[in-house]
Amino acid sequence: MQVSVESVSGLERRLKISVPASQVEQSVNKRINQTARTIKVDGFRPGKVPLSMIKQRYGAGIRAEALDDIIRDSYVAAVEQSQLKVAGFPNIVPISFAEGKDIEFAAIVEVYPEVVVADFSALAVERPTSEVTDADLETMIENLRRQRAKWEDSSDAAVDQDRLTIDFEGTVAGEAFAGNSAQDFNLVLGSKRMIAGFEDQLVGTKAGDELTITVTFPADYQAENLAGKEAQFKIAVKKVTKPVLPELNAQFLEAFGVKDGSVDQFRADVRKNMERELRNGIRAKVKSATFDALVTANNLDIPKALLTQEIGRQREQAMKQFGANASQIKPEMLPDELFADNSRRSVALALLVSEIIAKNEIKVDAERVRALVDEVAQSYEQPAEVVQWYYSNKEQMAQIESAVLEDQVVDLILAQAQITDKTVGYEELLRPQQ
């Protein structure tokens, strides 16, 4: 077998592969003999069909199958011989398949880029610092009480955190649009479920009020036909209800696992959970900022094959978020452009992290793996069972180990990078995660 490699453009390579005729005929004859032992032909016992008849009747098909095998095996051998790191599948281009002669074909492939990681000392990373204050704790407890609030009808004017039951109908330039109306729609003022300005204009309304409000859709609104457009909504306020928050009594505390009725224990548990969320939030922010700086500092050529695969993976993840409505989403509604930037970053980051791990011979730290599993388990009622489940589940452990490896890469980078600490509040730091 003869192989030549030509650089086409960028990461694209053209392998020209030639396989001797003798090897081709040997493969074809082997398949013919295999066929002769099993094929059934009227008038002949199995294994007794003349080879000449098999060649006459089935020769073309057998040769095509043999060529498929030869092309596959020759391509694999050519890649190994050329020491190419191929990304994705090849595009096979026939050149000469004449019977009785050497066969020639080309394989157009993409290769992985050469990754040379920039000096970490040139990277600038902003690292958030934060703590759980007493005010943060009180706000969290207030939110937990609101989650279990009872609602009572009110004739007073609506204020922030009240719940309204409304009918609404919206138009843009006098025309209706998809999703423009609803009946008996429950809306908590201040929840920010609606576009900016919608809820604000309902503050002060009472049951029985009818009004028309004007709002403007954001410029980046997901429905392009509405983006940046001004809309009018006719609204009928049917009911105003006010939240009645539960007391911090034994019944309320027991719902959060505090069975002895100790308010102090409840506050300590809530603070502990908040501090764990804060640590995770800081870790996620630092990792994201570090990896953003890493990708920005290293401009890589990205194989199209890897980019296409990643776009497909992210589209599949997006589809899962639609849940039961996924069947109503058509592929053209989620075009490649929606995922292109994030996918390009993900592929570049994977290549860079892989190179850093290999170059620095980083091995996953078993102690950090156990610490992360323990931390995850602490949010469950039976932590020991959760730990056992993780260590008996290869797929879940692989995800944990991958996260730990990434953390170790981040630590390596931060040891040399230019770090600026920035103090932020608890809610501000965790807002994106929420």
# chains A, B, ... in the order shown; residues from 1 in each chain; ligands from 1
$ select_by_dssp --residues "stretch 83-206 of chain A" --states "strand (DSSP E)" --output "NGL selection string"
:A and (86-96 or 103-111 or 124-129 or 150-153 or 163-171 or 181-188)
$ write_last_selection --atoms "C-alpha atoms" --output "PDB file, in the first residue's frame"
ATOM      1  CA  VAL A  86      -7.840  12.816  12.563  1.00  0.00           C
ATOM      2  CA  ALA A  87     -10.949  14.680  13.698  1.00  0.00           C
ATOM      3  CA  GLY A  88     -14.236  13.245  12.438  1.00  0.00           C
ATOM      4  CA  PHE A  89     -14.950  10.954   9.528  1.00  0.00           C
ATOM      5  CA  PRO A  90     -13.225  11.020   6.099  1.00  0.00           C
ATOM      6  CA  ASN A  91     -14.717  12.005   2.778  1.00  0.00           C
ATOM      7  CA  ILE A  92     -13.743   9.157   0.406  1.00  0.00           C
ATOM      8  CA  VAL A  93     -13.165  10.140  -3.237  1.00  0.00           C
ATOM      9  CA  PRO A  94     -12.690   7.259  -5.760  1.00  0.00           C
ATOM     10  CA  ILE A  95      -9.834   7.704  -8.268  1.00  0.00           C
ATOM     11  CA  SER A  96      -9.384   4.349 -10.005  1.00  0.00           C
ATOM     12  CA  ILE A 103      -7.133   0.689  -6.817  1.00  0.00           C
ATOM     13  CA  GLU A 104      -6.637   4.325  -5.894  1.00  0.00           C
ATOM     14  CA  PHE A 105      -8.759   6.599  -3.762  1.00  0.00           C
ATOM     15  CA  ALA A 106      -8.412   9.794  -1.759  1.00  0.00           C
ATOM     16  CA  ALA A 107      -9.536  10.417   1.807  1.00  0.00           C
ATOM     17  CA  ILE A 108     -10.191  14.055   2.673  1.00  0.00           C
ATOM     18  CA  VAL A 109      -9.881  14.522   6.428  1.00  0.00           C
ATOM     19  CA  GLU A 110      -9.473  17.176   9.083  1.00  0.00           C
ATOM     20  CA  VAL A 111      -6.736  16.908  11.667  1.00  0.00           C
ATOM     21  CA  ALA A 124      -5.955  38.254  33.846  1.00  0.00           C
ATOM     22  CA  VAL A 125      -8.713  36.726  35.999  1.00  0.00           C
ATOM     23  CA  GLU A 126     -11.237  38.493  38.220  1.00  0.00           C
ATOM     24  CA  ARG A 127     -12.004  36.383  41.290  1.00  0.00           C
ATOM     25  CA  PRO A 128     -15.161  37.151  43.291  1.00  0.00           C
ATOM     26  CA  THR A 129     -15.105  37.049  47.075  1.00  0.00           C
ATOM     27  CA  LYS A 150     -51.160  31.127  51.865  1.00  0.00           C
ATOM     28  CA  TRP A 151     -53.066  33.587  49.731  1.00  0.00           C
ATOM     29  CA  GLU A 152     -55.989  35.690  50.948  1.00  0.00           C
ATOM     30  CA  ASP A 153     -58.294  37.799  48.790  1.00  0.00           C
ATOM     31  CA  ARG A 163     -50.573  37.895  43.368  1.00  0.00           C
ATOM     32  CA  LEU A 164     -52.959  39.051  40.668  1.00  0.00           C
ATOM     33  CA  THR A 165     -55.347  36.936  38.619  1.00  0.00           C
ATOM     34  CA  ILE A 166     -55.723  38.668  35.263  1.00  0.00           C
ATOM     35  CA  ASP A 167     -56.994  38.317  31.708  1.00  0.00           C
ATOM     36  CA  PHE A 168     -54.827  40.002  29.103  1.00  0.00           C
ATOM     37  CA  GLU A 169     -54.700  40.498  25.346  1.00  0.00           C
ATOM     38  CA  GLY A 170     -51.762  42.066  23.544  1.00  0.00           C
ATOM     39  CA  THR A 171     -51.311  43.636  20.128  1.00  0.00           C
ATOM     40  CA  SER A 181     -53.465  36.469  25.435  1.00  0.00           C
ATOM     41  CA  ALA A 182     -54.367  34.460  28.518  1.00  0.00           C
ATOM     42  CA  GLN A 183     -57.332  33.947  30.831  1.00  0.00           C
ATOM     43  CA  ASP A 184     -57.145  33.626  34.636  1.00  0.00           C
ATOM     44  CA  PHE A 185     -53.387  34.147  34.529  1.00  0.00           C
ATOM     45  CA  ASN A 186     -51.727  34.226  37.972  1.00  0.00           C
ATOM     46  CA  LEU A 187     -48.895  36.736  38.275  1.00  0.00           C
ATOM     47  CA  VAL A 188     -46.882  37.643  41.379  1.00  0.00           C
TER      48      VAL A 188
END
$ closest_atom_pairs --of "stretch 90-179 of chain A" --to "stretch 325-349 of chain A" --cutoff "12 Å" --atoms "only C-alpha atoms" --output "Markdown table"
| residue | atom | partner | partner_atom | distance |
| --- | --- | --- | --- | --- |
| A:Tyr112 | CA | A:Ala348 | CA | 10.8 |
| A:Pro113 | CA | A:Ala348 | CA | 10.0 |
| A:Glu114 | CA | A:Ala348 | CA | 11.7 |
| A:Val115 | CA | A:Ala348 | CA | 9.7 |
| A:Val117 | CA | A:Leu349 | CA | 11.0 |
$ write_last_selection --atoms "N, CA and C atoms" --output "CSV table (one decimal), in the first residue's frame"
chain,number,residue,atom,x,y,z
A,112,TYR,N,-6.5,17.4,14.0
A,112,TYR,CA,-6.5,18.2,15.2
A,112,TYR,C,-5.5,19.3,15.0
A,113,PRO,N,-5.7,20.5,15.5
A,113,PRO,CA,-4.7,21.6,15.4
A,113,PRO,C,-3.6,21.3,16.4
A,114,GLU,N,-2.4,21.9,16.1
A,114,GLU,CA,-1.3,21.9,17.0
A,114,GLU,C,-1.6,22.9,18.1
A,115,VAL,N,-1.7,22.4,19.3
A,115,VAL,CA,-2.1,23.3,20.5
A,115,VAL,C,-0.8,23.7,21.2
A,117,VAL,N,-0.1,26.2,24.2
A,117,VAL,CA,-0.8,27.0,25.2
A,117,VAL,C,0.0,28.3,25.6
$ atom_distance --atom1 "atom CA of A:Glu247" --atom2 "atom CA of A:Lys272"
21.3 Å
$ closest_atom_pairs --of "stretch 115-220 of chain A" --to "stretch 263-267 of chain A" --cutoff "10 Å" --atoms "only C-alpha atoms" --output "Markdown table"
| residue | atom | partner | partner_atom | distance |
| --- | --- | --- | --- | --- |
| A:Leu137 | CA | A:Arg267 | CA | 7.7 |
| A:Glu138 | CA | A:Arg267 | CA | 8.9 |
| A:Met140 | CA | A:Arg267 | CA | 9.9 |
| A:Ile141 | CA | A:Arg267 | CA | 8.0 |
$ select_by_dssp --residues "stretch 222-341 of chain A" --states "alpha helix (DSSP H)" --output "ChimeraX atom specification"
/A:250-254,263-297,304-321,337-341
$ atom_distance --atom1 "atom CA of A:Asp269" --atom2 "atom CA of A:Asp136"
13.8 Å
$ closest_residue --among "A:Thr241, A:Thr216, A:Asn225, A:Ser82" --to "A:Ser154" --atoms "only C-alpha atoms"
A:Thr241
